[in-house]
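Novice: Questions regarding the structure given below will be posed in turn.
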Amino acid sequence: MKTFRYPLPCSFTFLCTCVRAWLSQAVWKSSSQAVATAGNRHAAAQLEISQAVWKSNSQTVATVGNRHAAAQLGDSQIIWKSDSQTVATAVAGHAIFRHYLLLLTLLLSALPPLLAQNTLTGQLQNAEAEPVAYANVALYADSNLVKVETTDDAGLFRIREVADGPYVLIATYLGAPDLVKNLAVNGDLDLGILTMAPAAVELDAATVTARRAIVEIKPDRTVFNVQGTINAVGENGLDLLRKAPGVTIDNNDNINVLSRSGVLVYVDGKRLPLGGAELAAYLRSLTAEQIDRIDIITNPGAKYEAQGNAGILDIRLVKNENEGANGTANYTISQGRYQKMNGSVGGNYRNKRLNVFGQVGSMDGRQFSQIDFLTFQNGLQTLEDTRNFFTWNHVNGRFGTDFFLSDKHTLGFLVDAQTRHGIQTNRSDIEIAGIDQPVDSILLARSRSDDDQDRATFNLNYRYEAGKGKSLNVDLDYGRFRNRAFRRQPNVYFAPDRLTELSEITNNFDTPTDIDIYTFKIDYEQALGTGKLGTGIKLSQVGTDNSFRLFNVVGGNETFDVNQSNLFTYDENVYAAYLSYAGSFSDRMSYSAGLRAEITDATGILTAFNGQSEPPVDLNYVSLFPSAGLTYQLDQQKGNSLVVNYGRRINRPDYNVLNPFRIQVSQLSFELGNPTLNPEIVDNLELGYTLAYRYNFKVAYSKTSDQITRLIGPDPVDPRAGFISWDNLAENTVISFNAALPFTVTPKWDAFFNLSASHINNQADYGDGAVIDLQAFSYNIFTQHTFKLPWKLTGEIGGFFAGPGIWGGVFEYDESWSFNLGLQRKFLNDQLNVKLAGSDLFYQVGWSGETNFNGQQGFGAGNYDSRRVALSLSYAFGNQKIKARTRDTGLGEEARRVN
């Protein structure tokens, strides 16, 4: 046996050290890789900071013929150049890559029909020589599903476009054992008559383990299968969502589906009571090894909460099957500019009367992000360079138990908790000047924030299964969320020489938040007529207490400022009931319909510490949410079907968005909430088509009234400052298209393409010239290729290319792309799984774009620690067929909105 001189962790640490130098070179190399790379619409600007020459008219700024500026954003400074040849080279190179990617996509899409030309035919009969109609006939290669067809009335089947090679054919029919046949294909093959054995006959056992397709399209959802995907190694929940079909994440970690905002995030059917930065932090704490799949439900039915314009993202964690005990241990280490590590241990025990399951895990590391912004407003120009560094550690645990009181009655308890501590440091360098004037002053803002967040949710569940489609489910939930944040922020103004201090303003901020959520939910279903009737109620109560305490620091002495400190409380009660029915008109046509009613009663109160208070904000309204769907089987034998869905949704503001406190990055950059926001209402209409059981297409239209959106504009008090606020758009319209295309190129090469495109139209008029009339066409190409390699290795090549689009209401972003590689090998009878993966190898996931609203024009770019190498070890022990009961809890509509 070969021995290693150093243990594996030390060896990998040495490897990480070697690649760190390569990774550290990825930060804003030149103007060809900064704003110019991230945005083809921006040209090189002749902005010589050393000579303090600042130009504002577009003709001067656009020195190489494009409309705006391309910046060379260094690690600690921004150097604006006028080298048109460099920028032209970058733009040309970027265009070449786009053309290459498009050509590669077309070529790979064309390969399957070129490489797979054989046809398999045959007939299924039973023991009495009668044809077996409408049986499924599936073809596998190396345990991978190649194609599935259905027999016709005469029991005949035909499988086209099959490449040469060995296969396993499996025919299945209700009431009969599976028919399994090994094949060697070398040309067209007529299998003749295949006889299925009667149910009383025992066949020799044959096991075929089919690897799931990376994306599955179902009538009510799209399933993104994560478990077993090599390129998911080292990723967290938020990064995995970036790869999910139809899902995009903007520069502020807001999640959009089919270009629609307002998505709800669930974990195992339970809605997360988190939103904004808090939701992003939780998703980052989930590792890829913990996630089995992500269900993307773009048009939920009446049973689901009406909250969430873009639908639901349900993250399903890894589960197990049958009686006995088992467990799994995982450890992952990844290296980018900084190192991250995570580990977890989980187990499950089940017998006929009891099921106990649990998992504990931890995650720690360091990350960075960088943002550079050039802003013109009020006759001034500011050039801002911000670097954020965040060090954190998470500890999370999950414990549950189910008592099987009888075959029909189950009582369960579930607790899920997490504690997180983080330290964030921000370095902002802002140069301020008048137009056509030298630099007037420089603001250096160095802040440090200490954050502690504790989250715990408790669920008590009772389920009654009476058989014949009748069931009753009751959930009682409580969620407790405690956030503590303390930030120290010195703002020091210097003369242009960066040595002479002009003034200093230092503030401390103490901003604790307490949120308590109580919910009660009942769901009942029973067979009725030819379909199923569903009905239920839900009651929820949310209480939030937010405190904003500002301290002025002079000479090291801290003074509480009662005039700029506030308390904000928000209480919300929602009462909901629904009725739904699903049935069929015929063997070919099925339908579903539902109606949900919700009553919302909410009150927000802002009180200053000096005794003054604002009038309370009261919201009381009743809303109805109809939904309907129709499915028609165009050709049952060929697997062609058509689906039409309609639904109305509501999106209430996140709790942090309602909070009117001033959250500062620096004295000249901050964010404000808006307690007067209205909920947004959206109508969604979707048309889907499935071809040959495999290829899926969807066209969708959505229209949103009062869409809640982020706006970037000038501060009305300080002419130098800009801030982010929240308001309602008058109208948002999105027309989108999505295609999911799986191919088996050869028995050892599987390919998947997901193509999406959308047209976005934002409209609003806030008066005084603050008008939004913005349209954009956006597209996204995601592809992944899996290869069976020698020595039992499996390889993956994947990536995406995202076209331009709109974030929030007014920010137009540019293209970005990513290229990933992965390798996998299993050992010890497949119990030990080792994966090595590299993500964003060309460091192109960053963003850039521009905004022009209410007298403020800005151009920006940003990036984070996305180029990484990861090594993952996963060991499974015990009986791997134990299954913990999966249930949806009632901590629902409030989940996404906590911050």
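Labels for the structure tokens follow display order: chains A, B, ..., residues from 1 in each chain, ligands from 1.
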Which residues in segment 262-444 of chain A does DSSP call helix (DSSP H, G or I)? List them as a ChimeraX atom specification.

Specialist: /A:276-285,288-290

Novice: Between A:Tyr575, A:Phe390, A:Tyr689, A:Phe520, which has the minimum distance to Leu630 of chain A (counting only C-alpha atoms)?

Specialist: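 Checking each candidate against Leu630 of chain A, we get A:Tyr689 as the closest.
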
Novice: DSSP says strand (DSSP E) for which residues of segment 492-730 of chain A? Put them as number ranges by chain?

Specialist: A: 492-494, 501-510, 513-528, 531-554, 557-560, 566-584, 589-608, 617-635, 640-651, 662-666, 669-672, 680-691, 695-714, 722-730

Novice: Go through A:His785, A:Arg427, A:Lys303, A:Arg710 one by one, measure the shortest atom-to-atom distance of each to Tyr578 of chain A using only C-alpha atoms, and give the residue with the smallest value.

Specialist: A:Lys303

Novice: Restricting the calculation to only C-alpha atoms, which member of A:Gln541, A:Lys532, A:Arg652, A:Leu668 is positioned closest to Pro716 of chain A?

Specialist: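 Residue with the minimum atom-to-atom distance to Pro716 of chain A: A:Leu668.
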
Novice: Quick one: of A:Arg480, A:Lys748, A:Lys538, A:Arg487, who's nearest to Glu796 of chain A, counting only C-alpha atoms?

Specialist: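 Comparing A:Arg480, A:Lys748, A:Lys538, A:Arg487 against Glu796 of chain A, the winner is A:Lys748.
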
Novice: What gap, in Å, lies between atom CA of Leu183 of chain A and atom CA of Asp153 of chain A?

Specialist: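 Between these atoms lies a distance of 24.6 Å.
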
Novice: Just the residues within 6 Å of Val869 of chain A, please, counting only C-alpha atoms, with nothing from its chain fewer than 2 positions along; format it as a PyMOL selection string.

Specialist: chain A and resi 334-335+837-838
